[in-house]
$ cat upload.pdb   # PDB, C-alpha atoms
ATOM      1  CA  MET A   1       0.000   0.000   0.000  1.00  0.00           C
ATOM      2  CA  ALA A   2       1.270   3.477  -0.851  1.00  0.00           C
ATOM      3  CA  TYR A   3       0.447   6.561   1.181  1.00  0.00           C
ATOM      4  CA  ARG A   4       1.278  10.250   1.400  1.00  0.00           C
ATOM      5  CA  ILE A   5       1.312  12.277   4.623  1.00  0.00           C
ATOM      6  CA  TYR A   6      -0.475  15.623   4.836  1.00  0.00           C
ATOM      7  CA  VAL A   7       0.342  17.867   7.791  1.00  0.00           C
ATOM      8  CA  ARG A   8      -2.004  20.343   9.465  1.00  0.00           C
ATOM      9  CA  LEU A   9       0.346  23.165  10.410  1.00  0.00           C
ATOM     10  CA  LYS A  10       0.219  25.147  13.647  1.00  0.00           C
ATOM     11  CA  SER A  11      -0.329  28.248  11.509  1.00  0.00           C
ATOM     12  CA  GLY A  12      -3.649  26.792  10.346  1.00  0.00           C
ATOM     13  CA  GLY A  13      -2.571  25.739   6.860  1.00  0.00           C
ATOM     14  CA  GLN A  14      -1.927  22.321   5.417  1.00  0.00           C
ATOM     15  CA  ALA A  15       1.253  21.047   3.779  1.00  0.00           C
ATOM     16  CA  THR A  16       2.005  17.989   1.682  1.00  0.00           C
ATOM     17  CA  GLY A  17       4.717  15.528   2.587  1.00  0.00           C
ATOM     18  CA  ARG A  18       7.432  15.280  -0.049  1.00  0.00           C
ATOM     19  CA  GLU A  19       7.803  11.496   0.057  1.00  0.00           C
ATOM     20  CA  LEU A  20       5.472   8.761  -1.118  1.00  0.00           C
ATOM     21  CA  HIS A  21       5.677   5.933   1.436  1.00  0.00           C
ATOM     22  CA  SER A  22       5.004   2.248   0.926  1.00  0.00           C
ATOM     23  CA  GLY A  23       4.124  -0.374   3.487  1.00  0.00           C
ATOM     24  CA  LEU A  24       1.789  -0.397   6.454  1.00  0.00           C
ATOM     25  CA  LEU A  25       0.108   2.856   7.459  1.00  0.00           C
ATOM     26  CA  PRO A  26       1.525   4.472  10.620  1.00  0.00           C
ATOM     27  CA  GLU A  27      -0.539   3.961  13.772  1.00  0.00           C
ATOM     28  CA  LEU A  28      -2.541   6.657  15.503  1.00  0.00           C
ATOM     29  CA  GLY A  29      -0.289   8.777  17.726  1.00  0.00           C
ATOM     30  CA  THR A  30       2.921   7.953  15.861  1.00  0.00           C
ATOM     31  CA  GLU A  31       5.361  10.887  15.904  1.00  0.00           C
ATOM     32  CA  LEU A  32       7.585  11.414  12.877  1.00  0.00           C
ATOM     33  CA  ASP A  33       9.542  13.986  10.900  1.00  0.00           C
ATOM     34  CA  VAL A  34       7.797  14.831   7.637  1.00  0.00           C
ATOM     35  CA  PRO A  35       9.824  16.540   4.868  1.00  0.00           C
ATOM     36  CA  LEU A  36       7.456  18.979   3.144  1.00  0.00           C
ATOM     37  CA  THR A  37       7.205  19.824  -0.551  1.00  0.00           C
ATOM     38  CA  THR A  38       7.234  23.536   0.320  1.00  0.00           C
ATOM     39  CA  GLY A  39       9.990  23.644   2.908  1.00  0.00           C
ATOM     40  CA  PRO A  40      11.938  21.801   5.578  1.00  0.00           C
ATOM     41  CA  ALA A  41      10.755  18.841   7.621  1.00  0.00           C
ATOM     42  CA  VAL A  42       8.352  19.342  10.532  1.00  0.00           C
ATOM     43  CA  LYS A  43       7.691  17.137  13.548  1.00  0.00           C
ATOM     44  CA  ALA A  44       4.150  15.729  13.327  1.00  0.00           C
ATOM     45  CA  ARG A  45       1.832  13.261  15.071  1.00  0.00           C
ATOM     46  CA  ILE A  46      -0.668  11.038  13.257  1.00  0.00           C
ATOM     47  CA  GLY A  47      -4.093  12.408  14.210  1.00  0.00           C
ATOM     48  CA  LEU A  48      -7.475  10.981  15.103  1.00  0.00           C
ATOM     49  CA  SER A  49      -8.981  11.104  11.621  1.00  0.00           C
ATOM     50  CA  HIS A  50      -5.693   9.886  10.269  1.00  0.00           C
ATOM     51  CA  THR A  51      -6.421   8.047   7.038  1.00  0.00           C
ATOM     52  CA  GLU A  52      -8.474   8.132   3.900  1.00  0.00           C
ATOM     53  CA  LEU A  53      -8.012   4.842   2.131  1.00  0.00           C
ATOM     54  CA  ASN A  54      -7.843   4.894  -1.615  1.00  0.00           C
ATOM     55  CA  LYS A  55     -11.177   4.722  -3.376  1.00  0.00           C
ATOM     56  CA  PRO A  56     -12.163   2.786  -6.490  1.00  0.00           C
ATOM     57  CA  GLY A  57     -10.882   4.624  -9.552  1.00  0.00           C
ATOM     58  CA  SER A  58      -8.271   6.537  -7.548  1.00  0.00           C
ATOM     59  CA  THR A  59      -4.511   6.536  -8.019  1.00  0.00           C
ATOM     60  CA  GLY A  60      -4.122   3.868  -5.332  1.00  0.00           C
ATOM     61  CA  VAL A  61      -2.479   6.234  -2.860  1.00  0.00           C
ATOM     62  CA  SER A  62      -3.976   6.598   0.626  1.00  0.00           C
ATOM     63  CA  GLU A  63      -3.886   9.907   2.468  1.00  0.00           C
ATOM     64  CA  VAL A  64      -2.584  10.021   6.045  1.00  0.00           C
ATOM     65  CA  PHE A  65      -3.154  13.171   8.101  1.00  0.00           C
ATOM     66  CA  ALA A  66      -0.909  14.404  10.890  1.00  0.00           C
ATOM     67  CA  ASP A  67      -0.780  17.476  13.120  1.00  0.00           C
ATOM     68  CA  GLU A  68       2.393  19.530  13.504  1.00  0.00           C
ATOM     69  CA  ILE A  69       3.763  19.350  17.052  1.00  0.00           C
TER      70      ILE A  69
END

$ encode --input "upload.pdb" --output "structure tokens"
Amino acid sequence: MAYRIYVRLKSGGQATGRELHSGLLPELGTELDVPLTTGPAVKARIGLSHTELNKPGSTGVSEVFADEI
């Protein structure tokens, strides 16, 4: 399974993780460094509504949401 991490920033915006990951989705509460497409890496924690699994007809990439810490 492939997934991309999206980070909700403290400033209120959202940023996209630079890397496309493969393997198992990270568990709720996991803390990690996420390199962003628009800047340096930020420390983030996988949030409560943390995944949107790929849907039929999609690119096959799941979305994982994290909050900047």

$ residues_around --input "upload.pdb" --residues "Gly47 of chain A" --least-positions-apart "4" --cutoff "8 Å" --atoms "all atoms listed in the file" --output "number ranges by chain"
A: 28-29, 65-67

$ resolve_selection --input "upload.pdb" --expression "the PyMOL selection byres ((chain A and resi 5-15) around 8)" --output "ChimeraX atom specification"
/A:3-4,16-17,19-20,34,36-38,44,63-69

$ write_last_selection --input "upload.pdb" --atoms "C-alpha atoms" --output "compact mmCIF listing (two decimals), in the coordinates of the input"
# COMPACT_ATOMS: atom_id res chain seq x y z
CA TYR A 3 0.45 6.56 1.18
CA ARG A 4 1.28 10.25 1.40
CA THR A 16 2.00 17.99 1.68
CA GLY A 17 4.72 15.53 2.59
CA GLU A 19 7.80 11.50 0.06
CA LEU A 20 5.47 8.76 -1.12
CA VAL A 34 7.80 14.83 7.64
CA LEU A 36 7.46 18.98 3.14
CA THR A 37 7.20 19.82 -0.55
CA THR A 38 7.23 23.54 0.32
CA ALA A 44 4.15 15.73 13.33
CA GLU A 63 -3.89 9.91 2.47
CA VAL A 64 -2.58 10.02 6.04
CA PHE A 65 -3.15 13.17 8.10
CA ALA A 66 -0.91 14.40 10.89
CA ASP A 67 -0.78 17.48 13.12
CA GLU A 68 2.39 19.53 13.50
CA ILE A 69 3.76 19.35 17.05

$ resolve_selection --input "upload.pdb" --expression "the PyMOL selection byres ((chain A and resi 23) around 6)" --output "list of chain:residue names"
A:Met1, A:Ser22, A:Leu24

$ atom_distance --input "upload.pdb" --atom1 "atom CA of Leu25 of chain A" --atom2 "atom CA of Val42 of chain A"
18.7 Å

$ resolve_selection --input "upload.pdb" --expression "the PyMOL selection byres ((chain A and resi 31) around 6)" --output "ChimeraX atom specification"
/A:30,32,44-45
